[in-house]
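Visitor: This one is structure.cif, mmCIF, C-alpha atoms.
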data_protein
loop_
_atom_site.label_atom_id
_atom_site.label_comp_id
_atom_site.auth_asym_id
_atom_site.auth_seq_id
_atom_site.Cartn_x
_atom_site.Cartn_y
_atom_site.Cartn_z
CA MET A 1 -0.33 -33.83 37.91
CA ALA A 2 0.09 -34.18 34.19
CA GLU A 3 3.54 -33.76 32.74
CA THR A 4 4.41 -30.46 31.16
CA TYR A 5 5.97 -29.52 27.84
CA GLU A 6 7.16 -26.25 26.36
CA LEU A 7 4.64 -24.08 24.50
CA LYS A 8 5.78 -21.25 22.28
CA ILE A 9 3.46 -18.73 20.65
CA ILE A 10 5.18 -16.67 17.99
CA THR A 11 3.77 -13.86 15.85
CA PRO A 12 5.69 -11.74 13.33
CA GLU A 13 5.75 -8.82 15.75
CA ARG A 14 6.63 -10.55 19.00
CA VAL A 15 7.14 -13.79 20.87
CA MET A 16 3.87 -13.83 22.79
CA TYR A 17 4.31 -16.69 25.17
CA THR A 18 6.84 -19.30 26.19
CA HIS A 19 6.02 -21.39 29.22
CA PRO A 20 5.71 -25.02 30.26
CA VAL A 21 2.11 -26.18 29.92
CA THR A 22 0.23 -29.38 30.58
CA ARG A 23 -2.38 -29.17 27.86
CA VAL A 24 -3.57 -26.99 24.99
CA ILE A 25 -6.91 -27.13 23.20
CA PHE A 26 -7.59 -25.50 19.86
CA ARG A 27 -9.50 -25.89 16.62
CA THR A 28 -7.82 -26.97 13.42
CA THR A 29 -9.45 -26.78 10.03
CA GLU A 30 -10.40 -30.44 10.62
CA GLY A 31 -11.88 -30.09 14.09
CA GLU A 32 -11.06 -29.55 17.75
CA MET A 33 -7.94 -31.03 19.21
CA ALA A 34 -6.21 -31.32 22.59
CA VAL A 35 -2.51 -31.93 22.94
CA LEU A 36 -0.78 -33.56 25.90
CA LYS A 37 2.88 -34.36 26.32
CA GLY A 38 4.22 -37.05 24.02
CA HIS A 39 1.91 -36.35 21.09
CA ILE A 40 3.02 -37.72 17.72
CA PRO A 41 4.71 -35.10 15.52
CA LEU A 42 2.03 -33.19 13.68
CA THR A 43 1.72 -29.94 11.80
CA ALA A 44 -1.82 -28.63 11.53
CA VAL A 45 -3.42 -25.52 10.04
CA ILE A 46 -5.66 -23.88 12.59
CA ASP A 47 -8.89 -22.04 12.19
CA SER A 48 -9.69 -18.63 13.63
CA SER A 49 -10.68 -19.69 17.14
CA VAL A 50 -10.03 -19.47 20.84
CA PHE A 51 -6.79 -21.16 21.86
CA HIS A 52 -6.88 -22.60 25.40
CA VAL A 53 -3.70 -23.04 27.37
CA TYR A 54 -3.54 -24.97 30.66
CA PHE A 55 -0.50 -24.64 32.85
CA PRO A 56 0.25 -25.48 36.47
CA ASP A 57 0.59 -22.50 38.81
CA GLU A 58 2.85 -22.43 41.88
CA SER A 59 0.58 -24.64 43.98
CA GLY A 60 0.38 -27.16 41.14
CA ALA A 61 -3.26 -26.46 40.31
CA GLU A 62 -4.15 -26.17 36.66
CA THR A 63 -4.78 -22.63 35.44
CA GLU A 64 -6.39 -21.69 32.16
CA LEU A 65 -5.28 -18.97 29.75
CA LYS A 66 -7.13 -18.02 26.62
CA LEU A 67 -6.16 -16.16 23.53
CA ALA A 68 -7.82 -15.43 20.21
CA VAL A 69 -5.87 -16.76 17.25
CA HIS A 70 -6.67 -15.79 13.69
CA GLU A 71 -5.13 -18.09 11.13
CA GLY A 72 -1.89 -19.88 11.67
CA PHE A 73 -0.46 -23.30 12.22
CA VAL A 74 0.86 -25.40 15.08
CA GLU A 75 3.87 -27.60 15.00
CA ILE A 76 3.56 -30.38 17.55
CA LEU A 77 6.55 -32.42 18.68
CA PRO A 78 6.59 -34.84 21.63
CA GLU A 79 8.48 -32.36 23.83
CA SER A 80 7.20 -29.03 22.56
CA VAL A 81 4.43 -27.22 20.72
CA THR A 82 4.95 -24.11 18.61
CA LEU A 83 2.07 -21.95 17.46
CA LEU A 84 2.87 -19.68 14.54
CA THR A 85 0.23 -17.12 13.79
CA GLU A 86 0.02 -13.82 11.99
CA SER A 87 -2.24 -12.37 14.60
CA ALA A 88 -3.17 -13.37 18.13
CA GLU A 89 -4.65 -11.41 21.02
CA TRP A 90 -4.99 -11.75 24.75
CA PRO A 91 -8.50 -11.15 26.10
CA GLU A 92 -7.51 -7.75 27.54
CA GLU A 93 -6.40 -6.60 24.09
CA ILE A 94 -9.84 -7.06 22.64
CA ASP A 95 -12.38 -4.28 22.41
CA PRO A 96 -15.80 -5.97 22.55
CA GLU A 97 -17.62 -2.99 21.09
CA ARG A 98 -15.30 -2.88 18.13
CA ALA A 99 -15.66 -6.62 17.58
CA GLU A 100 -19.45 -6.23 17.74
CA ARG A 101 -19.36 -3.48 15.12
CA ALA A 102 -17.05 -5.54 12.89
CA LYS A 103 -19.41 -8.46 13.15
CA ALA A 104 -22.42 -6.33 12.18
CA ARG A 105 -20.49 -4.85 9.26
CA ALA A 106 -19.40 -8.24 7.96
CA GLN A 107 -22.92 -9.65 8.23
CA GLU A 108 -24.29 -6.64 6.43
CA ARG A 109 -21.81 -7.13 3.61
CA LEU A 110 -22.60 -10.81 3.30
CA SER A 111 -26.35 -10.29 3.22
CA HIS A 112 -26.26 -7.65 0.47
CA GLN A 113 -24.03 -9.45 -1.91
CA ASP A 114 -23.10 -7.67 -5.06
CA ALA A 115 -20.08 -7.71 -7.31
CA LYS A 116 -18.23 -5.18 -5.25
CA VAL A 117 -18.18 -7.23 -2.06
CA ASP A 118 -15.18 -9.42 -1.48
CA VAL A 119 -17.05 -12.38 0.00
CA HIS A 120 -13.97 -14.20 1.16
CA ARG A 121 -12.69 -11.17 3.02
CA ALA A 122 -16.05 -10.48 4.63
CA GLU A 123 -16.27 -14.08 5.81
CA LEU A 124 -12.82 -13.88 7.33
CA ALA A 125 -13.73 -10.66 9.08
CA LEU A 126 -16.89 -12.24 10.42
CA ARG A 127 -15.00 -15.26 11.73
CA ARG A 128 -12.43 -13.05 13.40
CA SER A 129 -15.05 -10.94 15.13
CA LEU A 130 -16.93 -14.05 16.28
CA THR A 131 -13.76 -15.48 17.78
CA ARG A 132 -13.10 -12.24 19.63
CA LEU A 133 -16.63 -12.10 20.97
CA GLU A 134 -16.58 -15.75 22.00
CA MET A 135 -13.52 -15.09 24.03
CA VAL A 136 -14.60 -11.97 25.88
CA ARG A 137 -18.06 -13.31 26.65
CA LYS A 138 -16.99 -16.55 28.30
CA MET B 1 35.35 41.50 -1.33
CA ALA B 2 31.75 41.16 -0.19
CA SER B 3 30.59 43.53 2.50
CA THR B 4 30.50 42.36 6.13
CA ARG B 5 26.73 42.56 6.10
CA GLU B 6 26.41 40.20 3.12
CA ILE B 7 28.76 37.70 4.70
CA GLN B 8 26.84 37.82 7.96
CA LEU B 9 23.62 37.02 6.11
CA ARG B 10 25.21 34.01 4.42
CA ILE B 11 26.54 32.68 7.71
CA LYS B 12 23.08 32.94 9.15
CA SER B 13 21.46 31.06 6.28
CA VAL B 14 24.10 28.31 6.27
CA SER B 15 23.78 27.75 10.00
CA GLY B 16 20.00 27.56 9.56
CA THR B 17 20.51 24.78 7.02
CA GLN B 18 22.96 23.11 9.34
CA GLN B 19 20.39 22.99 12.09
CA ILE B 20 17.93 21.31 9.77
CA THR B 21 20.40 18.67 8.59
CA LYS B 22 21.39 17.99 12.18
CA ALA B 23 17.76 17.49 13.16
CA MET B 24 17.16 15.21 10.18
CA LYS B 25 20.11 13.11 11.21
CA LEU B 26 18.73 12.72 14.70
CA VAL B 27 15.32 11.73 13.35
CA SER B 28 16.91 9.12 11.10
CA THR B 29 18.93 7.71 13.96
CA ALA B 30 15.81 7.26 16.04
CA LYS B 31 13.89 5.65 13.16
CA LEU B 32 16.78 3.35 12.42
CA GLN B 33 16.86 2.09 15.97
CA LYS B 34 13.14 1.45 15.89
CA ILE B 35 13.31 -0.55 12.70
CA ARG B 36 16.23 -2.60 13.97
CA GLY B 37 14.09 -3.56 16.96
CA VAL B 38 11.29 -4.68 14.66
CA GLN B 39 13.72 -6.77 12.65
CA GLU B 40 14.93 -8.55 15.76
CA ALA B 41 11.36 -9.23 16.91
CA ASN B 42 10.49 -10.77 13.56
CA LYS B 43 13.38 -13.23 13.44
CA PRO B 44 11.96 -16.09 15.57
CA TYR B 45 8.77 -16.19 13.51
CA PHE B 46 10.54 -16.18 10.19
CA ASN B 47 13.03 -18.86 11.24
CA ALA B 48 10.25 -21.13 12.47
CA VAL B 49 8.27 -20.76 9.24
CA TYR B 50 11.39 -21.37 7.21
CA ASP B 51 12.29 -24.54 9.13
CA THR B 52 8.80 -25.96 8.78
CA MET B 53 8.74 -25.29 5.07
CA CYS B 54 12.12 -26.92 4.56
CA SER B 55 11.14 -30.01 6.49
CA ILE B 56 7.96 -30.43 4.44
CA LEU B 57 9.89 -30.08 1.23
CA ALA B 58 12.43 -32.62 2.46
CA THR B 59 9.88 -35.28 3.29
CA SER B 60 7.37 -34.88 0.52
CA ASP B 61 7.55 -36.57 -2.84
CA GLY B 62 6.92 -34.85 -6.15
CA GLY B 63 3.26 -34.15 -5.39
CA VAL B 64 3.68 -30.83 -3.67
CA LEU B 65 5.91 -29.58 -6.45
CA ARG B 66 2.88 -29.19 -8.65
CA SER B 67 1.82 -26.19 -6.62
CA PRO B 68 1.77 -23.13 -8.91
CA LEU B 69 3.99 -21.34 -6.44
CA ILE B 70 6.86 -23.79 -6.89
CA ASN B 71 6.22 -24.82 -10.46
CA SER B 72 8.84 -23.33 -12.75
CA GLU B 73 7.03 -24.07 -16.00
CA GLU B 74 6.96 -20.99 -18.20
CA ARG B 75 3.48 -19.89 -19.05
CA ALA B 76 4.05 -16.21 -19.74
CA GLY B 77 7.06 -16.46 -22.02
CA GLY B 78 9.65 -15.81 -19.37
CA LYS B 79 8.17 -12.55 -18.21
CA ALA B 80 9.37 -11.39 -14.82
CA ALA B 81 7.87 -9.12 -12.20
CA TYR B 82 10.02 -7.05 -9.90
CA LEU B 83 8.90 -5.75 -6.54
CA LEU B 84 11.00 -2.65 -6.15
CA ILE B 85 11.38 -1.15 -2.70
CA THR B 86 12.50 2.49 -2.55
CA GLY B 87 11.81 5.46 -0.36
CA ASP B 88 9.13 8.10 -0.77
CA ARG B 89 11.52 10.92 -0.11
CA GLY B 90 14.96 11.96 -1.27
CA LEU B 91 17.83 13.45 0.73
CA ALA B 92 19.13 9.98 1.45
CA GLY B 93 22.39 10.04 -0.47
CA GLY B 94 22.51 7.48 -3.26
CA TYR B 95 19.91 5.22 -1.68
CA ASN B 96 17.13 5.57 -4.26
CA ALA B 97 19.37 6.10 -7.29
CA ASN B 98 21.58 3.07 -6.60
CA ILE B 99 18.79 0.56 -6.44
CA CYS B 100 16.96 1.95 -9.48
CA ARG B 101 20.13 1.89 -11.51
CA LEU B 102 20.93 -1.67 -10.49
CA LEU B 103 17.49 -2.86 -11.51
CA GLU B 104 17.45 -0.99 -14.80
CA ARG B 105 20.83 -2.42 -15.74
CA SER B 106 19.89 -5.98 -14.88
CA ILE B 107 16.67 -6.07 -16.89
CA PRO B 108 17.73 -7.63 -20.18
CA ASN B 109 14.53 -6.93 -22.07
CA LYS B 110 12.21 -4.05 -21.30
CA ASP B 111 9.18 -5.87 -22.75
CA LYS B 112 9.54 -8.81 -20.40
CA ALA B 113 9.57 -6.84 -17.19
CA LEU B 114 6.74 -5.67 -14.99
CA ILE B 115 7.64 -3.29 -12.19
CA VAL B 116 5.62 -3.31 -9.00
CA THR B 117 6.69 -0.59 -6.63
CA ILE B 118 6.72 0.34 -2.98
CA GLY B 119 7.84 3.95 -2.61
CA LYS B 120 7.38 6.93 -4.91
CA LYS B 121 10.98 7.38 -6.03
CA GLY B 122 11.18 4.00 -7.76
CA ARG B 123 7.86 4.50 -9.44
CA ASP B 124 8.86 7.92 -10.81
CA TYR B 125 12.17 6.57 -12.09
CA PHE B 126 10.71 3.67 -14.08
CA THR B 127 7.60 5.48 -15.27
CA ARG B 128 9.83 8.16 -16.78
CA ARG B 129 11.81 5.50 -18.63
CA GLY B 130 8.68 3.93 -20.11
CA PHE B 131 8.63 0.56 -18.32
CA GLU B 132 5.45 -1.41 -17.86
CA MET B 133 4.23 -0.60 -14.36
CA GLY B 134 2.16 -2.87 -12.14
CA ASP B 135 0.57 -2.02 -8.82
CA HIS B 136 1.94 0.64 -6.55
CA PHE B 137 1.88 0.36 -2.78
CA GLU B 138 2.54 3.01 -0.22
CA ILE B 139 3.56 2.49 3.35
CA ASP B 140 2.88 5.55 5.45
CA SER B 141 4.34 4.56 8.76
CA SER B 142 8.05 4.44 9.39
CA VAL B 143 7.73 0.79 10.35
CA PRO B 144 5.95 -1.67 8.04
CA THR B 145 3.21 -3.75 9.66
CA TYR B 146 2.76 -7.41 8.89
CA GLY B 147 -0.82 -6.88 7.72
CA GLU B 148 0.25 -4.44 5.04
CA VAL B 149 2.98 -6.75 3.86
CA SER B 150 0.61 -9.71 3.58
CA ARG B 151 -1.69 -7.66 1.39
CA ILE B 152 1.16 -6.59 -0.87
CA VAL B 153 2.51 -10.11 -1.11
CA LYS B 154 -0.93 -11.50 -1.96
CA GLY B 155 -1.25 -9.11 -4.89
CA PHE B 156 2.28 -9.82 -6.02
CA THR B 157 2.17 -13.62 -5.86
CA ASP B 158 -1.20 -13.61 -7.66
CA LEU B 159 0.72 -12.44 -10.72
CA LYS B 160 2.49 -15.80 -10.66
CA THR B 161 -0.48 -18.02 -9.78
CA GLU B 162 -2.62 -16.39 -12.45
CA GLY B 163 0.12 -17.00 -14.99
CA LYS B 164 0.75 -13.36 -15.88
CA VAL B 165 4.45 -13.67 -15.14
CA ASP B 166 6.81 -16.59 -14.60
CA VAL B 167 9.37 -15.26 -12.18
CA LEU B 168 9.05 -12.96 -9.22
CA TYR B 169 11.90 -10.94 -7.82
CA VAL B 170 12.15 -8.59 -4.90
CA VAL B 171 14.58 -5.69 -5.30
CA TYR B 172 15.71 -4.18 -2.03
CA THR B 173 18.65 -2.61 -0.27
CA SER B 174 20.47 -4.84 2.14
CA PHE B 175 21.59 -3.16 5.33
CA LEU B 176 25.24 -3.93 6.10
CA ASN B 177 25.82 -1.08 8.54
CA THR B 178 24.94 2.58 8.81
CA ILE B 179 27.51 3.68 6.28
CA SER B 180 27.24 0.88 3.74
CA GLN B 181 24.15 -0.55 2.11
CA LYS B 182 24.01 -2.83 -0.87
CA PRO B 183 21.21 -3.03 -3.45
CA VAL B 184 20.13 -6.66 -4.02
CA ILE B 185 17.87 -8.52 -6.45
CA LEU B 186 16.44 -11.65 -4.88
CA LYS B 187 14.41 -14.33 -6.63
CA LEU B 188 11.18 -15.09 -4.76
CA LEU B 189 9.31 -17.51 -7.00
CA PRO B 190 9.49 -20.16 -8.25
CA LEU B 191 11.20 -21.44 -5.14
CA ALA B 192 14.62 -22.73 -5.98
CA LEU B 193 14.78 -25.89 -3.91
CA GLU B 194 18.54 -26.11 -4.17
CA ASP B 195 18.83 -22.68 -2.49
CA LEU B 196 16.91 -23.77 0.55
CA ASP B 197 18.63 -25.33 3.48
CA VAL B 198 16.65 -28.58 3.39
CA PRO B 199 17.60 -30.86 6.31
CA GLU B 200 20.05 -33.62 5.48
CA ASP B 201 18.33 -36.41 7.33
CA PRO B 202 14.87 -36.98 5.86
CA ALA B 203 14.35 -40.15 7.91
CA LYS B 204 14.16 -38.12 11.11
CA MET B 205 11.75 -35.62 9.63
CA SER B 206 9.44 -38.14 8.00
CA MET B 207 7.94 -38.76 11.45
CA MET B 208 5.99 -35.54 11.00
CA ASN B 209 2.33 -35.83 10.10
CA TYR B 210 0.32 -33.13 8.42
CA GLU B 211 -3.25 -32.16 8.89
CA PRO B 212 -5.21 -31.78 6.61
CA GLY B 213 -2.35 -32.84 4.29
CA GLU B 214 1.14 -31.98 3.15
CA GLU B 215 0.02 -30.05 0.12
CA THR B 216 -2.53 -27.97 1.99
CA VAL B 217 -0.07 -27.14 4.71
CA LEU B 218 2.60 -26.28 2.18
CA ASP B 219 0.19 -24.12 0.19
CA TYR B 220 -0.56 -22.33 3.42
CA ILE B 221 3.06 -21.97 4.48
CA ILE B 222 4.69 -20.83 1.25
CA PRO B 223 2.81 -17.50 1.18
CA LYS B 224 3.79 -17.01 4.83
CA TYR B 225 7.38 -17.69 3.93
CA ILE B 226 7.22 -15.22 1.04
CA SER B 227 5.59 -12.64 3.30
CA GLY B 228 8.38 -13.22 5.77
CA ILE B 229 11.04 -12.60 3.14
CA VAL B 230 9.32 -9.50 1.83
CA TYR B 231 8.79 -8.22 5.34
CA GLY B 232 12.47 -8.74 6.04
CA ALA B 233 13.43 -7.07 2.76
CA LEU B 234 11.18 -4.15 3.54
CA ALA B 235 12.62 -3.76 7.01
CA GLU B 236 16.17 -3.91 5.61
CA SER B 237 15.29 -1.32 2.99
CA PHE B 238 13.78 0.97 5.58
CA ALA B 239 16.83 0.57 7.75
CA SER B 240 19.08 1.25 4.75
CA GLU B 241 17.14 4.35 3.83
CA GLU B 242 17.48 5.76 7.32
CA GLY B 243 21.13 4.72 7.45
CA ALA B 244 21.84 6.40 4.11
CA ARG B 245 19.98 9.50 5.20
CA MET B 246 21.89 9.57 8.44
CA THR B 247 25.22 9.45 6.65
CA ALA B 248 24.12 12.00 4.06
CA MET B 249 22.87 14.40 6.69
CA ASP B 250 25.99 13.90 8.78
CA SER B 251 28.23 14.92 5.91
CA ALA B 252 25.89 17.78 5.04
CA THR B 253 26.25 19.04 8.60
CA ASP B 254 30.04 18.75 8.33
CA ASN B 255 30.04 20.61 5.04
CA ALA B 256 27.91 23.36 6.50
CA GLN B 257 30.35 23.64 9.37
CA GLU B 258 33.22 24.01 6.90
CA ILE B 259 31.40 26.73 4.98
CA ILE B 260 30.60 28.55 8.19
CA GLU B 261 34.26 28.51 9.26
CA ASP B 262 35.33 29.73 5.86
CA LEU B 263 32.77 32.53 5.91
CA THR B 264 33.66 33.52 9.47
CA LEU B 265 37.27 33.90 8.41
CA LYS B 266 36.21 36.07 5.49
CA TYR B 267 33.94 38.05 7.73
CA ASN B 268 36.76 38.76 10.17
CA GLN B 269 39.09 39.74 7.37
CA ALA B 270 36.48 42.09 5.96
CA ARG B 271 35.82 43.54 9.38
CA GLN B 272 39.51 44.06 10.03
CA SER B 273 40.21 45.70 6.72
CA HIS B 274 37.19 47.89 7.32
CA ILE B 275 38.59 49.00 10.69
CA THR B 276 42.07 49.49 9.27
CA GLN B 277 40.64 51.61 6.53
CA GLU B 278 38.67 53.72 8.96
CA LEU B 279 41.71 54.17 11.17
CA THR B 280 43.82 55.22 8.22
CA GLU B 281 41.17 57.73 7.28
CA ILE B 282 41.03 59.17 10.79
CA VAL B 283 44.81 59.35 11.14
CA ASN B 284 45.11 60.94 7.73
CA GLY B 285 42.35 63.40 8.56
CA ALA B 286 44.06 64.36 11.84
CA ALA B 287 47.41 64.70 10.09
CA ALA B 288 45.85 66.96 7.47
CA LEU B 289 44.41 69.22 10.19
CA GLU B 290 47.77 69.49 11.99
CA ASN B 291 49.53 70.62 8.88
#
Turn this file's structure into structure tokens for me.

Guide:
Amino acid sequence: MAETYELKIITPERVMYTHPVTRVIFRTTEGEMAVLKGHIPLTAVIDSSVFHVYFPDESGAETELKLAVHEGFVEILPESVTLLTESAEWPEEIDPERAERAKARAQERLSHQDAKVDVHRAELALRRSLTRLEMVRK
Amino acid sequence: MASTREIQLRIKSVSGTQQITKAMKLVSTAKLQKIRGVQEANKPYFNAVYDTMCSILATSDGGVLRSPLINSEERAGGKAAYLLITGDRGLAGGYNANICRLLERSIPNKDKALIVTIGKKGRDYFTRRGFEMGDHFEIDSSVPTYGEVSRIVKGFTDLKTEGKVDVLYVVYTSFLNTISQKPVILKLLPLALEDLDVPEDPAKMSMMNYEPGEETVLDYIIPKYISGIVYGALAESFASEEGARMTAMDSATDNAQEIIEDLTLKYNQARQSHITQELTEIVNGAAALEN
């Protein structure tokens, strides 16, 4: 079994998760990345995406946990990983219908571009809704 | 002396007021507890962001200092923007007045100040005195959410990045305990590097790598750090407001109690003298008949 290290997920409103894990996989602005124990120290800005956490359960088998993370950064040290994000959600906190509506709304805004539309904001909203949908569908 | 009926009416009205002040105190106590919980929950996040920012600043060379958020070059002739946090409502003792007075006194030149406000009381105060007013934000809930704060901070720091002002301050009330709160003016930007607790041993920290790069990460983190400070300031202000209101309402309740006791005494005196008078009249009447 792979060695474990401490993962902490912190948002402004709560400490979401602290647990020893064997592996995490996530997407930075530069591309996908997996972190095992003993990684070189690295701070990376992450993209709105699904954050995968693998931890050993009581029998030692690897279990997967997923959460949607919108914007944030990870601080990786050889013995620990800290994810700091302004907003993160567990799958059960996501309302697929709402995400679907948000996606449609954002696409609508982007396709009828005029001066009033804040393109950047609409794109962010679209990315967020896509992340949410990706997570609940899988 | 007022008639017994009049005194009774006054006692009734004062005890009505007392009930209201008592209820307001209870509400404030509950809100205060809630906001203290939020403050506690926010601490780990803020500390982590702060540490990361300090370690980047410690390891990086001059390059990152060119960021418009750190740069202290004066482009707008030394103009300063103040983010003033007050309450929407009064009846909180000196809470709103203290902070407005502190800010007004510490602005050296009216023409070089731009006031951005959260809360109606502060806006009213400075509008009346003819200051230049920036945006106004309102927070409806009794607990600020991080999303709202990010939006406010974005608008506020844009003033600096767009070169409209040179210095940003946040003006808030620091919560010492429920009976004492202190108004504070805190400089947000440009970041004063000497004020930050940058780690002593840069050799240890220089192991850290950054992706995509130091400057990008720093540009991402500084706004988070500022949001964190403003969020903290907002939470402290909210706590102070509730604390001040609690104390004010507590003393109002005590005062009402005092008035009621005073009035009850007067009422009893009036009642007694009324009875005495009636008795005298009866006795006199009886005596007159006997004669």

Visitor: Got a sec to pull out which chain B residues are within 9 Å of chain A, counting all atoms listed in the file, and send them as a PDB file with C-alpha atoms, keeping the file's coordinate frame?

Guide:
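File result-v2.pdb, as written:
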ATOM      1  CA  VAL B  38      11.290  -4.680  14.660  1.00  0.00           C
ATOM      2  CA  GLN B  39      13.720  -6.770  12.650  1.00  0.00           C
ATOM      3  CA  ALA B  41      11.360  -9.230  16.910  1.00  0.00           C
ATOM      4  CA  ASN B  42      10.490 -10.770  13.560  1.00  0.00           C
ATOM      5  CA  LYS B  43      13.380 -13.230  13.440  1.00  0.00           C
ATOM      6  CA  PRO B  44      11.960 -16.090  15.570  1.00  0.00           C
ATOM      7  CA  TYR B  45       8.770 -16.190  13.510  1.00  0.00           C
ATOM      8  CA  PHE B  46      10.540 -16.180  10.190  1.00  0.00           C
ATOM      9  CA  ALA B  48      10.250 -21.130  12.470  1.00  0.00           C
ATOM     10  CA  VAL B  49       8.270 -20.760   9.240  1.00  0.00           C
ATOM     11  CA  THR B  52       8.800 -25.960   8.780  1.00  0.00           C
ATOM     12  CA  THR B 145       3.210  -3.750   9.660  1.00  0.00           C
ATOM     13  CA  TYR B 146       2.760  -7.410   8.890  1.00  0.00           C
ATOM     14  CA  GLY B 147      -0.820  -6.880   7.720  1.00  0.00           C
ATOM     15  CA  MET B 207       7.940 -38.760  11.450  1.00  0.00           C
ATOM     16  CA  MET B 208       5.990 -35.540  11.000  1.00  0.00           C
ATOM     17  CA  ASN B 209       2.330 -35.830  10.100  1.00  0.00           C
ATOM     18  CA  TYR B 210       0.320 -33.130   8.420  1.00  0.00           C
ATOM     19  CA  GLU B 211      -3.250 -32.160   8.890  1.00  0.00           C
ATOM     20  CA  PRO B 212      -5.210 -31.780   6.610  1.00  0.00           C
ATOM     21  CA  GLY B 213      -2.350 -32.840   4.290  1.00  0.00           C
ATOM     22  CA  GLU B 214       1.140 -31.980   3.150  1.00  0.00           C
ATOM     23  CA  THR B 216      -2.530 -27.970   1.990  1.00  0.00           C
ATOM     24  CA  VAL B 217      -0.070 -27.140   4.710  1.00  0.00           C
ATOM     25  CA  TYR B 220      -0.560 -22.330   3.420  1.00  0.00           C
ATOM     26  CA  ILE B 221       3.060 -21.970   4.480  1.00  0.00           C
ATOM     27  CA  LYS B 224       3.790 -17.010   4.830  1.00  0.00           C
ATOM     28  CA  GLY B 228       8.380 -13.220   5.770  1.00  0.00           C
TER      29      GLY B 228
END

Visitor: Output the residue selection produced by the PyMOL selection byres ((chain B and resi 79-83) around 10) on the file above, formatted as a ChimeraX atom specification.

Guide: /B:74-78,84-86,103,107,109-118,132-136,152-153,156-157,159-160,163-172,185-189,230

Visitor: List the spatial neighbours of Gln107 in chain A as a VMD selection string - criterion: any atom at most 12 Å away, all atoms listed in the file, same-chain residues fewer than 2 positions off excluded.

Guide: chain A and resid 100 to 105 109 to 113 117 119 121 to 127 129 to 130

Visitor: Using the chain letters and numbers from the file, give me the residues hit by the PyMOL selection byres ((chain A and resi 68) around 9), as a PyMOL selection string.

Guide: chain A and resi 48-52+66-67+69-70+87-91+94+128+131-132+134-135

Visitor: List the spatial neighbours of range 249-257 of chain B as a PyMOL selection string - criterion: any atom at most 7 Å away, only C-alpha atoms, same-chain residues fewer than 6 positions off excluded.

Guide: chain B and resi 14-15+18+21-22+24-25

Visitor: For the atom pair CA of Lys31 in chain B and CA of Glu138 in chain B, what is the interatomic distance in Å to one decimal place?

Guide: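 Between CA of Lys31 in chain B and CA of Glu138 in chain B the gap is 17.7 Å.
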
Visitor: What does the distance between CA of Arg129 in chain B and CA of Glu236 in chain B come to in Å, to one decimal place?

Guide: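 We find that CA of Arg129 in chain B and CA of Glu236 in chain B lie 26.4 Å from each other.
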
Visitor: Enter the distance from CA of Thr280 in chain B to CA of Asn268 in chain B, in Å, rounded to one decimal.

Guide: 18.0 Å

Visitor: At a cut-off of 7 Å from (6.8, -25.7, 28.3) in the coordinates of the file, what residues are picked up using only C-alpha atoms, written as a list in words?

Guide: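 So the residues meeting the distance criterion are Thr4, Tyr5, Glu6, Leu7, Thr18, His19, Pro20, Val21 and Ser80 of chain A.
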
Visitor: Would it be fine to have range 85-115 of chain B, with C-alpha atoms, given as a compact mmCIF listing (two decimals), in the first residue's frame?

Guide:
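This went into decode-v5.txt:
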# COMPACT_ATOMS: atom_id res chain seq x y z
CA ILE B 85 -17.73 49.80 7.76
CA THR B 86 -20.70 50.95 9.85
CA GLY B 87 -24.10 49.60 10.72
CA ASP B 88 -27.37 50.16 8.90
CA ARG B 89 -29.25 50.87 12.08
CA GLY B 90 -28.77 53.00 15.16
CA LEU B 91 -29.52 52.18 18.79
CA ALA B 92 -26.04 50.80 19.21
CA GLY B 93 -24.57 53.32 21.62
CA GLY B 94 -21.63 55.21 20.18
CA TYR B 95 -20.78 52.53 17.63
CA ASN B 96 -21.56 54.43 14.43
CA ALA B 97 -20.66 57.89 15.71
CA ASN B 98 -17.25 56.87 17.08
CA ILE B 99 -15.96 55.39 13.87
CA CYS B 100 -17.27 58.23 11.69
CA ARG B 101 -15.70 60.80 13.96
CA LEU B 102 -12.37 59.00 13.99
CA LEU B 103 -12.27 58.86 10.20
CA GLU B 104 -13.35 62.46 9.72
CA ARG B 105 -10.66 63.66 12.11
CA SER B 106 -7.91 61.63 10.50
CA ILE B 107 -8.55 62.78 6.94
CA PRO B 108 -6.09 65.64 6.48
CA ASN B 109 -7.47 66.91 3.20
CA LYS B 110 -11.07 66.51 2.13
CA ASP B 111 -10.18 66.68 -1.58
CA LYS B 112 -7.83 63.72 -1.38
CA ALA B 113 -10.27 61.30 0.16
CA LEU B 114 -12.76 58.97 -1.42
CA ILE B 115 -15.18 57.23 0.91
